[in-house]
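Here is the structure we will look at.
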Amino acid sequence: MTQVFHPAANIIARLSIVVILGGAIGTLVFFDALQRSPYVTEVNMPREQIVPFSHKHHAALGLDCRYCHTSVEKAAFAGIPPTKTCMNCHDVIWNEAPILEPVRESWRTGEPMEWNRVHDLPEFTYFDHSVHVNAGIGCADCHGRVDEMPLVWKQNDLYMAWCLDCHRQPEQFVRPRDQVFNMAYQKPANQAELGQELIEVHNINTANHRLLDCYICHR
Amino acid sequence: MSPITDTPQNTPASIRAALDRQAVAERLNGKTGRRFWRSLEELSKEESFGTMLQQEYPRFAAEWDPMHRRDFLRLMGASLALGGLTSCTRQPVEKIIPFVRQPEYLVPGKAMTYATTMPVQGYGVGLLATSHMGRPTKLDGNDLHPASLGGSDSLVQAAILTMYDPDRAKTVKFKGRTNVKGWKDFYADLDKEMAGFAETGGEGLHLLTGTITSPSLATAIEQALETYPKAVWHSYEPINRDAVYAATEQAFGAKLDPVYDVAKADVMVSFDSDLIGSGPGHLRFARDFAARRNVEAGGMNRLYVAESQMSITGAAADHRLALTPDEQEKLARAVARELGVAVNGATDTVHADWAKEIAADLAAHRGSSLVVAGEHRAAGFQALVFAINHALGNIGSTVSFIEPAAVRPGGQMESLQALSDALGEGKVKALFMFDTNPVYHAPASMDFQNKLRGVNFLVQHGLFEDESSEWCHYHLPGTHFLEAWGDCLAYDGTASIVQPLIEPLYQGKSALEILHRIATGKEASGHDLVRNRWVKSLGDSLAWKRALHDGVIANSAAAPVQPGWAWSDTGPAEAPAQSGKLDLALLPDYSVLDGFYANNGWLQEAPRPITTLTWDNALLISEETASAFDLATGNLVEVGSGEGMVRLPVLVTVGIPEGAGVAHLGYGRTKVGRVGEGVGASVYPLVDPASPFRASVSVTKVRGRHAFALTQEHHSIEGRNHLRVGTVTDFQNDPQFVWKLDEYSAKYGRNENAPSIYPHPHDYSQGPQWGMVIDLSACIGCNACMVACQAENNIPVVGKEQVAIGREMHWIRVDRYYEGRSAKVEVHHQPMTCVHCENAPCEAVCPVAATVHSTDGLNQMVYNRCLGTRYCANNCPYKVRRFNFYKFADHETPSLKLQRNPNVTVRARGVMEKCTFCVQRISEGRIKARVQNRPIADGEVVTACQQACPTQAITFGDIRDPMSKVSAKKESTLDYGVLSSLGTRPRLTYHARIKNPNPRLAAALVTES
């Protein structure tokens, strides 16, 4: 009886083990990388909108965040302005600009404009803007320099691990309340000390890592 | 769906075994040391009960199809691959749609609360409705309204589901078809008809409504009757109060509404009255009753009940007798004679000792006692009860009388008979029916079904297309009370506005708008009609705004009248029971009432108080009667009165008089919607117009069997001392007697130091620590908490088949225990939900840490982590975890999505869930306090069950705060934890139920037996 396999088959066998194992690991690594890639997380990818609204332009004019996002200090939802808010100005200025036609149409017809959500948490996660703003978490901490974005993109992936970074050690992130809406705020050198102080002042209850309780975000 | 199979626990053999009195008596006589039992099957130690007990989810194995290893691997491979793929897909883009003009005061994402009023059979219950972005999602009692005082019942809690019911009538229909032009066509036809009536003065024009207390509706009807003087208005409610008005006419010579001041009553006697369980004002009476059930505060009231059903009031009684109405009347007459009321004729009763003691107790509390007869009892009987109150000097003190809240009180059966006669004589040319359904609920002898055919113009208006609309030319879609303006009077005459929270979901118009159109020929909005009426009577629009804001019109309660006393005894009014026949009580159901709520899944699935029956009605009889008629649970019988014949399944239960039975109205709907059709059997054909709530019936056993979905044996915690009951005397002799009922708590007090096999790694010394106390003395077992929880926490309905195998999803359940046997049975309720153990057994076994503890003592359930091993449920000694065996939640029906609480995740298939102590409300309170930079105040976080409880039996709060209400309750020596001997340290503890029996009567009973 002759040999069925040529001696070179040993190499193929060994190689195939390496390829299969490596492939399996590679696949896992690939999917993990994919999960974190901007392709999935959509970080840094500007999103198209019905009107190419530029936060950069409007912030430069000196509009406060809260002029449009009215409920950011008192409700879970920061608020998307009604057409009325746009028309407060654009009834008078740029009132014939073609790019603002959807706004005027909405105003004429009473049909609301549909915006594409940029920051979209899963349905089982309950985020509340008011509590963060009042605790001294700045807009830019999560949203990045929106005042420099022509079309808004996500600055952070909003994954749970990212949320927990701050919930584990809020003293690293809190800022004085009057700096919350300051988009250009820079952490001071003594953030660790200041953070501890602010946690006291802002009455943030961090006893026993309370902010890590599941129910803080999941209901 | 497959028909459910016959369950072994319902076989006749098992019942016969249960009837083996001697064996049972031995067991009850303390051989096992247990006093409480849950079902007859348990008493007879049936095998099936053992199965229920040993399996967390009985018969779950049937869920698996026989699957081969390869199929399994293939499926697993495919699902892994798919799972891997889906996790990499990008999130679909979601839209944000802002307002064009945002309404003032509306903050997106913040719930708003409005006051409104729910009409229940014409009588108003003041509510606060929660609205999320324009969608009403939850209803609760209004603190300021006298008929609720903030409490609610299961009907109130479930009313929101009726509004979003996808089976509601949506369009104007002509002869059963959707009418293209809708209201326009109807109004054109209406105008044509009314032009004809204008010439004849309305000859042949008839209106049929339910009970009307609404001043605006009354105005519209008056206007109609002015415009068409020969028109006739009939009103009929199947659960009517005709006998009350007949009784007050006998006693006072005038139609009056009795109003009870239960808070003032030290001694109460009820003859078949379900005072705290149903009827207008019952929420208020329950609150006042329970406020006097606190042994530590002292001044406990005492309640004697003689009744023909086992009602909520009967279960709350200190002394209860199961008596047929004629026997009740004999007892009442004996009591009356003892008290010196001039009764003629015989006053002998077999319960002479009771009569004597009750009379003595009443006589010792003149002016602070209260005797009540059921509103459905014969007028002469009710008048006798007024006479007893009169003799005791209670009138003006615990009982007062007011001008009736209803516009045309009483005489409803005659009114309906008159309509039936007119129909029979062909005198009715046009009939408009509003929110009523005579084809279904009128007595059979009136034969509406056939008589309606002769009418030229027949219009039915209502929320659902029902049995009556099938015979009508037009069906007009009605409006829910959250969709249209109206007004309503409460049991005591307090007026309040029915304020809508949403535009009609479909094309509905309210009865008020249509009646106004009929009366005047002009269209007007309900808002204008109601507003104009009240601005005129209140004086200015500011008062109107205040009335809307408060949900009650200030000081509008009717002033008591001082009626003249005109009573003289006319002899017994209740006919004696006929031998060989069954004395059948036909009563409103706790869930579907008269059938109006038949299409409400929450109500159908809520286990009825006492029987724990779901999705059904039955002929309820006691064991003795079952033996006499040779019947057992699950048998089918034909029940016949002079009026008609009905086929009913038998359910053997306790607390019903020998030779008597109970059947609940409101079932057997043939046209209402997908939920209610074909559930149970209608017993309306048995109704005799002369005695609508009592029938003497023949019972014939027929072939066939029926399987019930009873929850009484589900989630049983076998043999443990979970329920603790005592008397005032027990407490006075030893305030710590509750702890001594259990050997562990006798040793360790409140068990806080009891050794535990579970590690205790948590530090509970910081921040708020949530805890709850349920006072079993105050709980009346009404199901309000259960349905409130369902509404708040998006809990799905599973259907009869799933309930039958123990898969109901209620997070809080009301366990019902019996004590004693037969006629002397006592009923205890124990609401049971997740107790949030500090050392939680469920947490120790979860392989994926989906259930973990929070720093403030909550046993958290993380749905998105749960992968459905169900180990936690197996290890839970309290049996409070619920598993989504199927996709129970309806993710598709658009209208049902609107009802959901946006702050609670809608759970998917394969996920465990359980009570969270309303964590969304805790978070809301926590965030609100945080934003305002202050600690959470006591009473700021209120759980849904606590808010709903009409008797305030539930207290919730921070147990770390020594000043909180819940801490004070936990200090009580009545406080005990269920199974706390296991060292689980439950955060939910109970106050033992303390009854206040009459020591003399209790002693007499001992010597008697």
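Chain identifiers are assigned as A, B, and so on, following the order in which chains appear in the structure tokens; residues are numbered from 1 within each chain, and ligands are numbered from 1 in order of appearance.
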
Check every residue of chain B for an atom within 7 Å of chain A, counting only C-alpha atoms, and provide those that qualify as a PDB file with C-alpha atoms, in the first residue's frame.
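Saved the output as out16.pdb:
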```
ATOM      1  CA  CYS B  88     -21.958  44.713  13.643  1.00  0.00           C
ATOM      2  CA  THR B  89     -24.720  46.422  11.766  1.00  0.00           C
ATOM      3  CA  ARG B  90     -24.872  50.132  12.195  1.00  0.00           C
ATOM      4  CA  VAL B  93     -30.878  56.477  11.782  1.00  0.00           C
ATOM      5  CA  GLU B  94     -33.566  57.749  14.122  1.00  0.00           C
ATOM      6  CA  LYS B  95     -35.521  60.917  13.466  1.00  0.00           C
ATOM      7  CA  ILE B  96     -36.143  63.758  15.849  1.00  0.00           C
ATOM      8  CA  ILE B  97     -39.319  65.601  15.023  1.00  0.00           C
ATOM      9  CA  PRO B  98     -39.713  68.845  16.934  1.00  0.00           C
ATOM     10  CA  PHE B  99     -42.841  70.951  17.084  1.00  0.00           C
ATOM     11  CA  VAL B 100     -43.479  73.714  14.620  1.00  0.00           C
ATOM     12  CA  ARG B 101     -44.769  75.839  17.457  1.00  0.00           C
ATOM     13  CA  GLN B 102     -44.031  74.303  20.819  1.00  0.00           C
ATOM     14  CA  VAL B 107     -41.068  70.338  28.273  1.00  0.00           C
ATOM     15  CA  PRO B 108     -40.258  67.426  25.968  1.00  0.00           C
ATOM     16  CA  GLY B 109     -39.663  64.292  27.996  1.00  0.00           C
ATOM     17  CA  LYS B 110     -41.355  65.584  31.135  1.00  0.00           C
ATOM     18  CA  GLN B 766     -25.010  55.631  52.969  1.00  0.00           C
ATOM     19  CA  SER B 854     -27.627  48.656  44.104  1.00  0.00           C
ATOM     20  CA  THR B 855     -26.031  50.707  46.820  1.00  0.00           C
ATOM     21  CA  GLN B 860     -31.754  45.436  40.251  1.00  0.00           C
ATOM     22  CA  VAL B 862     -30.768  44.389  34.070  1.00  0.00           C
ATOM     23  CA  VAL B 904     -39.678  51.660  31.456  1.00  0.00           C
ATOM     24  CA  THR B 905     -38.098  49.208  29.029  1.00  0.00           C
ATOM     25  CA  VAL B 919     -37.002  52.361  39.860  1.00  0.00           C
ATOM     26  CA  GLN B 920     -38.033  54.881  37.189  1.00  0.00           C
ATOM     27  CA  ILE B 927     -32.702  63.456  39.560  1.00  0.00           C
ATOM     28  CA  ARG B 930     -30.132  66.393  42.530  1.00  0.00           C
ATOM     29  CA  VAL B 931     -31.038  69.177  40.121  1.00  0.00           C
ATOM     30  CA  ASN B 933     -29.463  70.370  45.093  1.00  0.00           C
TER      31      ASN B 933
END
```

From a backbone DSSP assignment, name each residue in segment 290-495 of chain B labelled alpha helix (DSSP H), as a ChimeraX atom specification. /B:290-291,312-316,325-338,352-363,379-391,412-424,438-441,448-451

Selection to disk with C-alpha atoms, as a tab-separated table (two decimals), in the first residue's frame:
```tsv
chain	number	residue	atom	x	y	z
B	290	ALA	CA	-58.96	51.14	56.67
B	291	ALA	CA	-58.03	54.29	58.57
B	312	ILE	CA	-64.15	42.19	49.37
B	313	THR	CA	-66.16	43.62	52.26
B	314	GLY	CA	-66.89	40.12	53.56
B	315	ALA	CA	-63.21	39.26	53.45
B	316	ALA	CA	-62.44	42.39	55.46
B	325	PRO	CA	-80.83	37.13	51.35
B	326	ASP	CA	-83.93	35.87	53.15
B	327	GLU	CA	-81.81	34.60	56.04
B	328	GLN	CA	-79.96	37.91	56.11
B	329	GLU	CA	-83.26	39.68	56.39
B	330	LYS	CA	-84.32	37.42	59.25
B	331	LEU	CA	-81.10	38.26	61.04
B	332	ALA	CA	-81.68	41.96	60.36
B	333	ARG	CA	-85.21	41.73	61.69
B	334	ALA	CA	-83.99	40.01	64.83
B	335	VAL	CA	-81.37	42.72	65.30
B	336	ALA	CA	-84.06	45.34	64.70
B	337	ARG	CA	-86.34	43.81	67.32
B	338	GLU	CA	-83.50	43.68	69.85
B	352	ALA	CA	-80.21	34.39	67.31
B	353	ASP	CA	-76.94	34.54	69.25
B	354	TRP	CA	-75.42	36.67	66.51
B	355	ALA	CA	-78.45	38.92	66.42
B	356	LYS	CA	-78.20	39.43	70.15
B	357	GLU	CA	-74.49	40.24	70.17
B	358	ILE	CA	-74.68	42.45	67.08
B	359	ALA	CA	-77.60	44.35	68.57
B	360	ALA	CA	-75.76	44.74	71.87
B	361	ASP	CA	-72.65	46.00	70.09
B	362	LEU	CA	-74.72	48.43	68.01
B	363	ALA	CA	-76.65	49.61	71.04
B	379	ALA	CA	-86.36	47.74	48.88
B	380	GLY	CA	-88.21	46.59	52.00
B	381	PHE	CA	-85.02	45.06	53.39
B	382	GLN	CA	-83.03	48.23	52.71
B	383	ALA	CA	-85.76	50.32	54.32
B	384	LEU	CA	-85.61	48.09	57.40
B	385	VAL	CA	-81.89	48.78	57.59
B	386	PHE	CA	-82.57	52.51	57.45
B	387	ALA	CA	-85.02	51.92	60.33
B	388	ILE	CA	-82.27	50.25	62.35
B	389	ASN	CA	-79.99	53.24	61.69
B	390	HIS	CA	-82.86	55.51	62.65
B	391	ALA	CA	-83.39	53.67	65.92
B	412	GLN	CA	-84.78	52.21	35.55
B	413	MET	CA	-86.23	48.75	35.13
B	414	GLU	CA	-89.68	50.26	34.55
B	415	SER	CA	-88.14	52.76	32.18
B	416	LEU	CA	-86.58	49.99	30.12
B	417	GLN	CA	-89.80	47.99	30.27
B	418	ALA	CA	-91.66	51.03	28.94
B	419	LEU	CA	-89.24	51.21	26.03
B	420	SER	CA	-89.63	47.51	25.39
B	421	ASP	CA	-93.42	47.88	25.43
B	422	ALA	CA	-93.33	50.87	23.10
B	423	LEU	CA	-91.07	48.92	20.76
B	424	GLY	CA	-93.45	45.98	20.88
B	438	PRO	CA	-79.75	46.52	25.69
B	439	VAL	CA	-79.48	43.59	23.31
B	440	TYR	CA	-76.79	42.21	25.58
B	441	HIS	CA	-77.86	43.25	29.04
B	448	PHE	CA	-84.80	43.74	22.47
B	449	GLN	CA	-83.05	41.79	19.78
B	450	ASN	CA	-86.26	41.18	17.86
B	451	LYS	CA	-88.16	44.27	18.84
```

Step one, run DSSP on the backbone; step two, keep only residues of segment 113-210 of chain B assigned to strand (DSSP E or B); then write them as a ChimeraX atom specification. /B:113-120,123-132,135-141,173-174,177-178,205-209

With C-alpha atoms retained, could you export that selection as a short mmCIF file (atom, residue, chain, number, x, y, z; two decimals), in the first residue's frame?
```cif
data_model
loop_
_atom_site.label_atom_id
_atom_site.label_comp_id
_atom_site.auth_asym_id
_atom_site.auth_seq_id
_atom_site.Cartn_x
_atom_site.Cartn_y
_atom_site.Cartn_z
CA THR B 113 -50.48 65.76 35.14
CA TYR B 114 -54.02 66.92 34.57
CA ALA B 115 -57.11 66.49 36.69
CA THR B 116 -60.06 64.76 35.11
CA THR B 117 -63.00 62.59 36.09
CA MET B 118 -63.86 59.04 35.21
CA PRO B 119 -67.53 58.23 35.02
CA VAL B 120 -68.24 54.75 36.37
CA TYR B 123 -70.88 58.44 38.97
CA GLY B 124 -67.66 60.41 38.93
CA VAL B 125 -64.30 59.38 40.35
CA GLY B 126 -61.79 62.22 40.36
CA LEU B 127 -58.52 61.36 38.70
CA LEU B 128 -55.10 62.71 37.93
CA ALA B 129 -53.97 61.64 34.50
CA THR B 130 -50.30 61.51 33.56
CA SER B 131 -49.47 62.59 30.05
CA HIS B 132 -46.20 62.09 28.20
CA ARG B 135 -50.19 60.80 25.32
CA PRO B 136 -52.05 59.95 28.52
CA THR B 137 -50.31 56.91 29.99
CA LYS B 138 -51.48 56.46 33.55
CA LEU B 139 -54.48 57.26 35.71
CA ASP B 140 -54.53 57.72 39.46
CA GLY B 141 -56.90 59.06 42.05
CA LYS B 173 -70.90 52.80 10.25
CA PHE B 174 -74.15 52.46 8.38
CA ARG B 177 -70.34 49.12 6.77
CA THR B 178 -67.94 51.97 7.06
CA LEU B 205 -88.68 59.64 19.36
CA HIS B 206 -86.94 57.72 22.12
CA LEU B 207 -83.59 58.13 23.82
CA LEU B 208 -81.88 55.43 25.87
CA THR B 209 -78.93 56.18 28.12
#
```

Which neighbours of segment 184-186 of chain A fall inside 10 Å, counting only C-alpha atoms, when residues of the same chain fewer than 5 positions from it are skipped, and could you give them as an MDAnalysis selection string? chainID A and resid 138 140:141 144:145 147 175 179 191

Go ahead and save the picked residues with C-alpha atoms, as an mmCIF file, in the first residue's frame.
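Final output, selection_28.cif:
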```cif
data_model
loop_
_atom_site.group_PDB
_atom_site.id
_atom_site.type_symbol
_atom_site.label_atom_id
_atom_site.label_comp_id
_atom_site.auth_asym_id
_atom_site.auth_seq_id
_atom_site.Cartn_x
_atom_site.Cartn_y
_atom_site.Cartn_z
ATOM 1 C CA GLY A 138 -19.871 70.450 30.348
ATOM 2 C CA ALA A 140 -18.200 69.665 25.350
ATOM 3 C CA ASP A 141 -17.224 66.805 27.659
ATOM 4 C CA GLY A 144 -17.003 67.772 21.777
ATOM 5 C CA ARG A 145 -16.488 71.216 20.310
ATOM 6 C CA ASP A 147 -19.202 75.183 18.324
ATOM 7 C CA ARG A 175 -16.283 71.677 36.310
ATOM 8 C CA GLN A 179 -18.391 76.783 33.040
ATOM 9 C CA GLN A 191 -8.461 69.145 38.490
#
```

At what distance in Å, to one decimal, does atom CA of Val372 of chain B lie from atom CA of Pro560 of chain B?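 So the two atoms, atom CA of Pro560 of chain B and atom CA of Val372 of chain B, lie 17.9 Å apart.
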
In Å, rounded to a single decimal, give me how far atom CA of Asn617 of chain B is from atom CA of Thr479 of chain B. 28.2 Å
